[in-house]
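**Q** What follows is structure27.txt, made up of compact mmCIF, C-alpha atoms:
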```
# COMPACT_ATOMS: atom_id res chain seq x y z
CA MET Z 286 -24.95 42.82 63.13
CA HIS Z 287 -24.33 43.64 59.49
CA PRO Z 288 -26.01 41.12 57.11
CA ILE Z 289 -22.65 40.11 55.62
CA ASN Z 290 -21.23 39.40 59.07
CA LEU Z 291 -24.33 37.43 59.95
CA LEU Z 292 -23.89 35.21 56.89
CA PHE Z 293 -20.18 34.77 57.58
CA SER Z 294 -20.97 33.93 61.21
CA LEU Z 295 -23.32 31.21 59.96
CA THR Z 296 -20.48 29.96 57.76
CA SER Z 297 -18.20 29.83 60.81
CA LEU Z 298 -20.85 27.89 62.71
CA ASP Z 299 -21.12 25.44 59.83
CA VAL Z 300 -17.34 25.00 59.75
CA ILE Z 301 -17.31 24.27 63.49
CA LEU Z 302 -20.20 21.80 63.16
CA VAL Z 303 -18.51 20.01 60.26
CA THR Z 304 -15.35 19.65 62.36
CA LEU Z 305 -17.13 18.45 65.50
CA GLU Z 306 -19.30 16.02 63.55
CA ARG Z 307 -16.24 14.32 62.05
CA PHE Z 308 -15.14 13.35 65.57
CA SER Z 309 -18.59 12.36 66.81
CA PHE Z 310 -20.39 9.04 67.22
CA THR Z 311 -21.90 9.40 63.72
CA THR Z 312 -18.77 7.90 62.15
CA SER Z 313 -19.51 4.55 63.80
CA VAL Z 314 -23.26 4.39 63.07
CA PHE Z 315 -24.19 2.44 59.91
CA LEU Z 316 -27.62 2.94 58.39
CA PRO Z 317 -30.02 0.20 57.27
CA PRO Z 318 -30.58 -1.60 55.04
CA HIS Z 319 -27.30 -3.52 54.78
CA ASP Z 320 -25.17 -0.76 56.34
CA PHE Z 321 -25.26 1.08 53.00
CA ILE Z 322 -23.75 4.27 54.45
CA ARG Z 323 -22.71 5.80 57.77
CA LEU Z 324 -24.72 8.43 59.56
CA HIS Z 325 -21.63 10.65 59.15
CA GLU Z 326 -21.78 10.85 55.35
CA ALA Z 327 -25.56 11.15 55.33
CA PHE Z 328 -25.54 14.01 57.85
CA GLN Z 329 -22.76 15.81 55.94
CA MET Z 330 -24.58 15.63 52.61
CA ILE Z 331 -28.12 16.31 53.80
CA PHE Z 332 -27.47 19.06 56.34
CA LEU Z 333 -23.97 20.48 56.79
CA ILE Z 334 -22.81 20.80 53.18
CA LEU Z 335 -26.25 22.08 52.23
CA GLY Z 336 -25.51 25.05 54.48
CA THR Z 337 -22.34 25.81 52.52
CA VAL Z 338 -24.50 26.12 49.38
CA LEU Z 339 -27.36 28.12 50.84
CA ILE Z 340 -25.10 30.73 52.45
CA PRO Z 341 -23.28 31.61 49.19
CA PHE Z 342 -26.69 31.88 47.52
CA LEU Z 343 -27.78 34.37 50.19
CA LEU Z 344 -24.51 36.25 49.65
CA LEU Z 345 -25.31 36.30 45.94
CA ARG Z 346 -28.74 37.75 46.70
CA TYR Z 347 -27.19 40.45 48.88
CA VAL Z 348 -24.28 41.45 46.66
CA SER Z 349 -26.48 41.53 43.56
CA ALA Z 350 -28.95 43.95 45.21
CA GLU Z 351 -31.59 41.22 45.48
CA PHE Z 352 -30.71 39.89 41.99
CA LYS Z 353 -31.19 43.27 40.27
CA LEU Z 354 -27.57 43.18 39.03
CA LEU Z 355 -28.20 39.81 37.39
CA SER Z 356 -30.39 41.23 34.65
CA GLY Z 357 -29.14 41.48 31.07
CA ARG Z 358 -26.57 39.35 29.25
CA ARG Z 359 -23.80 39.90 31.82
CA GLY Z 360 -26.11 38.97 34.66
CA LEU Z 361 -27.26 35.86 32.80
CA ILE Z 362 -23.68 34.73 32.29
CA LEU Z 363 -22.83 35.28 35.97
CA SER Z 364 -25.99 33.43 37.02
CA LEU Z 365 -25.13 30.48 34.79
CA VAL Z 366 -21.58 30.37 36.16
CA PHE Z 367 -22.89 30.43 39.74
CA ILE Z 368 -25.48 27.71 39.11
CA THR Z 369 -22.91 25.57 37.30
CA GLY Z 370 -20.63 26.07 40.28
CA ILE Z 371 -23.35 24.83 42.62
CA TYR Z 372 -23.83 21.77 40.40
CA PHE Z 373 -20.12 20.88 40.40
CA TYR Z 374 -19.84 21.64 44.13
CA ALA Z 375 -22.79 19.43 45.08
CA THR Z 376 -21.89 16.64 42.65
CA GLY Z 377 -18.31 16.63 43.85
CA ASN Z 378 -19.36 16.45 47.48
CA GLY Z 379 -21.73 13.57 46.77
CA VAL Z 380 -19.04 11.63 44.89
CA HIS Z 381 -16.54 12.35 47.66
CA GLU Z 382 -18.80 11.27 50.52
CA ILE Z 383 -19.97 8.02 48.91
CA ALA Z 384 -16.50 7.05 47.72
CA SER Z 385 -15.00 8.01 51.08
CA PHE Z 386 -17.46 5.77 52.91
CA ALA Z 387 -16.74 2.78 50.67
CA TYR Z 388 -12.99 3.30 50.64
CA ASN Z 389 -12.58 3.83 54.38
CA THR Z 390 -14.95 0.98 55.23
CA TYR Z 391 -13.91 -1.78 52.85
CA CYS Z 392 -10.33 -1.01 51.78
CA ASN Z 393 -6.87 -0.92 53.28
CA ILE Z 394 -6.50 2.84 53.60
CA LYS Z 395 -2.77 2.66 54.29
CA ASN Z 396 -1.98 0.86 51.05
CA VAL Z 397 -4.18 1.53 48.02
CA GLU Z 398 -5.01 -1.81 46.40
CA ALA Z 399 -5.64 -2.33 42.71
CA GLY Z 400 -9.18 -2.72 41.42
CA MET Z 401 -12.28 -1.32 43.08
CA CYS Z 402 -10.35 0.25 45.95
CA THR Z 403 -8.21 2.24 43.53
CA SER Z 404 -11.39 3.44 41.82
CA MET Z 405 -12.89 4.55 45.13
CA PHE Z 406 -9.64 6.25 46.13
CA ILE Z 407 -9.60 8.27 42.90
CA ASN Z 408 -13.30 9.12 43.18
CA ASP Z 409 -12.82 10.22 46.78
CA TYR Z 410 -9.64 12.27 46.63
CA TYR Z 411 -9.44 13.40 43.02
CA LEU Z 412 -12.77 13.37 41.17
CA GLY Z 413 -15.00 14.22 44.13
CA ASN Z 414 -12.77 16.87 45.65
CA GLY Z 415 -11.78 18.20 42.23
CA LEU Z 416 -15.39 18.90 41.22
CA TYR Z 417 -16.15 20.24 44.70
CA PHE Z 418 -13.31 22.76 44.54
CA LEU Z 419 -14.05 23.72 40.93
CA GLY Z 420 -17.61 24.54 41.96
CA ALA Z 421 -16.36 26.61 44.90
CA ILE Z 422 -14.06 28.62 42.61
CA MET Z 423 -16.91 29.36 40.20
CA MET Z 424 -19.29 30.51 42.96
CA ASN Z 425 -16.63 32.67 44.62
CA ILE Z 426 -15.60 34.34 41.36
CA VAL Z 427 -19.19 35.42 40.72
CA LEU Z 428 -19.43 36.95 44.19
CA LEU Z 429 -16.10 38.75 43.75
CA ILE Z 430 -17.10 40.18 40.37
CA LEU Z 431 -20.47 41.39 41.61
CA GLU Z 432 -19.00 42.97 44.72
CA ARG Z 433 -16.38 44.81 42.68
CA GLY Z 434 -19.16 46.48 40.70
CA ASN Z 435 -21.35 47.07 43.73
CA PRO Z 436 -19.28 48.11 46.80
CA ASP Z 437 -21.24 47.96 50.05
CA LYS Z 438 -21.00 51.40 51.64
CA THR Z 439 -23.15 50.26 54.57
CA PHE Z 440 -20.23 48.13 55.79
CA LYS Z 441 -18.17 50.18 58.27
CA ARG Z 442 -14.80 49.84 59.95
CA LYS Z 443 -16.53 48.85 63.18
CA ASP Z 444 -17.80 45.75 61.35
CA LEU Z 445 -14.28 44.58 60.45
CA LEU Z 446 -13.52 42.85 63.76
CA ILE Z 447 -16.33 40.32 63.42
CA LEU Z 448 -15.41 39.86 59.76
CA MET Z 449 -11.80 39.11 60.65
CA ILE Z 450 -12.75 36.60 63.37
CA ASN Z 451 -14.99 34.73 60.95
CA SER Z 452 -12.28 34.86 58.29
CA VAL Z 453 -9.76 33.23 60.62
CA ILE Z 454 -12.23 30.47 61.49
CA TYR Z 455 -12.85 29.80 57.79
CA SER Z 456 -9.11 29.69 57.16
CA LEU Z 457 -9.00 26.61 59.41
CA ALA Z 458 -11.29 24.78 56.98
CA ILE Z 459 -8.97 25.72 54.11
CA PHE Z 460 -5.99 24.52 56.15
CA ALA Z 461 -7.69 21.18 56.83
CA TYR Z 462 -8.04 20.46 53.11
CA ALA Z 463 -4.77 21.96 51.93
CA ALA Z 464 -2.32 20.98 54.67
CA VAL Z 465 -3.23 17.53 55.90
CA ASP Z 466 -5.15 15.87 53.08
CA ARG Z 467 -3.54 12.78 51.57
CA VAL Z 468 -3.25 14.30 48.09
CA LEU Z 469 -2.43 17.82 46.86
CA VAL Z 470 -5.79 18.65 45.28
CA GLY Z 471 -6.84 20.81 48.24
CA LEU Z 472 -3.51 22.65 48.27
CA LEU Z 473 -3.74 23.36 44.54
CA TYR Z 474 -7.26 24.70 45.04
CA SER Z 475 -6.21 26.96 47.89
CA ILE Z 476 -3.28 28.35 45.90
CA VAL Z 477 -5.51 29.10 42.88
CA MET Z 478 -8.13 30.76 45.07
CA THR Z 479 -5.46 32.78 46.88
CA ILE Z 480 -4.20 34.16 43.57
CA ILE Z 481 -7.76 35.02 42.50
CA VAL Z 482 -8.78 36.75 45.73
CA LEU Z 483 -5.50 38.66 45.97
CA TYR Z 484 -6.06 39.99 42.47
CA PHE Z 485 -9.53 41.27 43.35
CA PHE Z 486 -8.32 42.64 46.68
CA LEU Z 487 -5.33 44.50 45.26
CA ILE Z 488 -7.21 46.19 42.43
CA ASN Z 489 -9.80 47.39 44.95
CA ARG Z 490 -7.62 47.79 48.05
CA LYS Z 491 -8.63 51.44 48.60
CA LYS Z 492 -12.23 50.27 48.99
CA TYR Z 493 -11.50 47.15 51.05
CA VAL Z 494 -13.89 48.20 53.85
CA TRP Z 495 -16.74 48.40 51.35
CA MET Z 496 -15.84 45.01 49.90
CA PRO Z 497 -16.29 42.66 52.85
CA ILE Z 498 -16.63 39.46 50.82
CA THR Z 499 -13.38 40.14 48.97
CA THR Z 500 -11.61 41.16 52.17
CA SER Z 501 -12.85 38.14 54.10
CA LEU Z 502 -11.91 35.64 51.40
CA THR Z 503 -8.48 37.26 51.09
CA ILE Z 504 -7.80 36.90 54.80
CA SER Z 505 -9.06 33.31 54.86
CA TYR Z 506 -7.18 32.04 51.83
CA VAL Z 507 -3.92 33.87 52.52
CA LEU Z 508 -3.83 32.53 56.09
CA GLY Z 509 -5.02 29.03 55.20
CA THR Z 510 -2.72 28.65 52.20
CA ALA Z 511 0.34 30.12 53.90
CA ALA Z 512 -0.06 27.82 56.90
CA SER Z 513 -0.63 24.85 54.59
CA LEU Z 514 2.52 25.56 52.59
CA ILE Z 515 4.55 25.79 55.78
CA VAL Z 516 3.27 22.37 56.89
CA ARG Z 517 3.70 20.77 53.46
CA LEU Z 518 7.22 22.09 52.89
CA ARG Z 519 8.73 21.59 56.32
```
Have the structure of the file written as structure tokens, please.
**A**
Amino acid sequence: MHPINLLFSLTSLDVILVTLERFSFTTSVFLPPHDFIRLHEAFQMIFLILGTVLIPFLLLRYVSAEFKLLSGRRGLILSLVFITGIYFYATGNGVHEIASFAYNTYCNIKNVEAGMCTSMFINDYYLGNGLYFLGAIMMNIVLLILERGNPDKTFKRKDLLILMINSVIYSLAIFAYAAVDRVLVGLLYSIVMTIIVLYFFLINRKKYVWMPITTSLTISYVLGTAASLIVRLR
């Protein structure tokens, strides 16, 4: 299997695990002392979301020719953007998970009450998710820029099928945030990312086979966003 497909397959596995875990017994297990958090949030932060950071880093290593393309001023800027993206992504996820636990455990989730519950609602849906998505945009842009300057001629047409399957699976994660979330932050993120990836895809469309990251993200975000808009607007 091509290294890019292997990494995207690991991403698909992570997406499936995240989905299954949300419907598992972990959501009803509170951790000591004093039931400070559920096993669900702890498992998400410590293991599953960690995977969604490590895999983009490995993609960065691959698309930058083992970091050779990150030398010089341009490389330094791209590295700083990627690292900043990781920071926002991880911080946002942490804020989201902690606020989500408190809000869903101690508040009336059907009717946002003033005071602490409003604060937790905003931290959960807006601040946490907003930082999380901002970080994702920054990391993805770096990968798209690097791949544009370094097309992967080892990626062949025979590798496209696995790429497309993984892209469809990832589009389900985009759909989950953009279509059914309580607020529109996820939908706004998916629309912005769709515009970005379409731009990179269209200016390099003749080389799409050699640009698997760009092609995969384009498939995922176009499918996920289109389906989300249909659900939101119906």
**Q** Distance cut-off 10 Å, centre (-16.4, 10.0, 49.6) in file coordinates, counting all atoms listed in the file: which residues qualify? Return them as a ChimeraX atom specification.
**A** /Z:326,377-389,405-410,412-414
**Q** Using all atoms listed in the file, which protein or nucleic acid residues come within 10 Å of segment 353-361 of chain Z? Drop anything in the same chain fewer than 5 positions from it, and give the result as a VMD selection string.
**A** chain Z and resid 345 to 348 366 to 367 427 431 434 to 435
**Q** Listing only residues of segment 331-428 of chain Z within 12 Å of segment 476-491 of chain Z, what is the closest atom pair and its distance in Å (to one decimal) for each, using only C-alpha atoms, sorted by chain and residue number ascending, as JSON lines?
**A**
```
{"residue": "Z:Phe418", "atom": "CA", "partner": "Z:Met478", "partner_atom": "CA", "distance": 9.5}
{"residue": "Z:Leu419", "atom": "CA", "partner": "Z:Met478", "partner_atom": "CA", "distance": 10.1}
{"residue": "Z:Gly420", "atom": "CA", "partner": "Z:Met478", "partner_atom": "CA", "distance": 11.8}
{"residue": "Z:Ala421", "atom": "CA", "partner": "Z:Met478", "partner_atom": "CA", "distance": 9.2}
{"residue": "Z:Ile422", "atom": "CA", "partner": "Z:Met478", "partner_atom": "CA", "distance": 6.8}
{"residue": "Z:Met423", "atom": "CA", "partner": "Z:Met478", "partner_atom": "CA", "distance": 10.1}
{"residue": "Z:Met424", "atom": "CA", "partner": "Z:Met478", "partner_atom": "CA", "distance": 11.4}
{"residue": "Z:Asn425", "atom": "CA", "partner": "Z:Met478", "partner_atom": "CA", "distance": 8.7}
{"residue": "Z:Ile426", "atom": "CA", "partner": "Z:Ile481", "partner_atom": "CA", "distance": 8.0}
{"residue": "Z:Val427", "atom": "CA", "partner": "Z:Ile481", "partner_atom": "CA", "distance": 11.6}
{"residue": "Z:Leu428", "atom": "CA", "partner": "Z:Val482", "partner_atom": "CA", "distance": 10.8}
```
**Q** So what do you get for atom CA of Ser452 of chain Z versus atom CA of Glu306 of chain Z, distance-wise?
**A**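 Taking atom CA of Ser452 of chain Z and atom CA of Glu306 of chain Z, their separation equals 20.8 Å.
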**Q** What is the atom CA of Leu472 of chain Z to atom CA of Gly415 of chain Z distance in Å?
**A**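 These atoms are spaced 11.2 Å apart.
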**Q** So how far away is atom CA of Leu292 of chain Z from atom CA of Ile450 of chain Z, in Å?
**A**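 We find that atom CA of Ile450 of chain Z and atom CA of Leu292 of chain Z lie 13.0 Å from each other.
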**Q** Write out as a ChimeraX atom specification each polymer residue whose atoms come within 12 Å of Thr304 of chain Z, counting all atoms listed in the file; drop sequence neighbours fewer than 6 positions from it.
**A** /Z:297-298,325,329,333-334,454-455,457-458,461-462
**Q** Please write as a ChimeraX atom specification the list of polymer residues whose atoms come within 7 Å of (-8.9, 28.4, 50.8), counting all atoms listed in the file and keeping to the coordinates of the file.
**A** /Z:456,459,475,478-479,505-506,509-510
**Q** Nearest to Ile430 of chain Z: which of Z:Val338, Z:Leu344, Z:His319, Z:Leu363 is it, counting only C-alpha atoms?
**A**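 Of all the options, Z:Leu363 lies closest to Ile430 of chain Z.
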**Q** Skip Asp444 of chain Z itself and residues of its chain fewer than 4 positions away, then list as a PyMOL selection string all residues within 8 Å of it, counting all atoms listed in the file.
**A** chain Z and resi 286-287+290+440+448
**Q** Return the single residue from Z:Thr369, Z:Thr499, Z:Thr403, Z:Asn396 that is closest to Met449 of chain Z, with distances computed using all atoms listed in the file.
**A**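 That would be Z:Thr499, the residue with the smallest distance to Met449 of chain Z.
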**Q** Around segment 317-323 of chain Z, with edges along x, y and z and 3 Å added on all six sides, what centre and edge lengths do you get, in Å to one decimal, as JSON?
**A**
```
{"center_x": -26.6, "center_y": 1.1, "center_z": 55.4, "size_x": 13.9, "size_y": 15.3, "size_z": 10.8}
```
**Q** Counting all atoms listed in the file, figure out which residue out of Z:Leu429, Z:Met496, Z:Met330, Z:Ala512 gets nearest to Lys441 of chain Z.
**A**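 Using all atoms listed in the file, the shortest distance to Lys441 of chain Z belongs to Z:Met496.
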**Q** Which one is closest to Val470 of chain Z: Z:Leu445, Z:Leu416, Z:Ile322, Z:Ile301? Count only C-alpha atoms.
**A** Z:Leu416
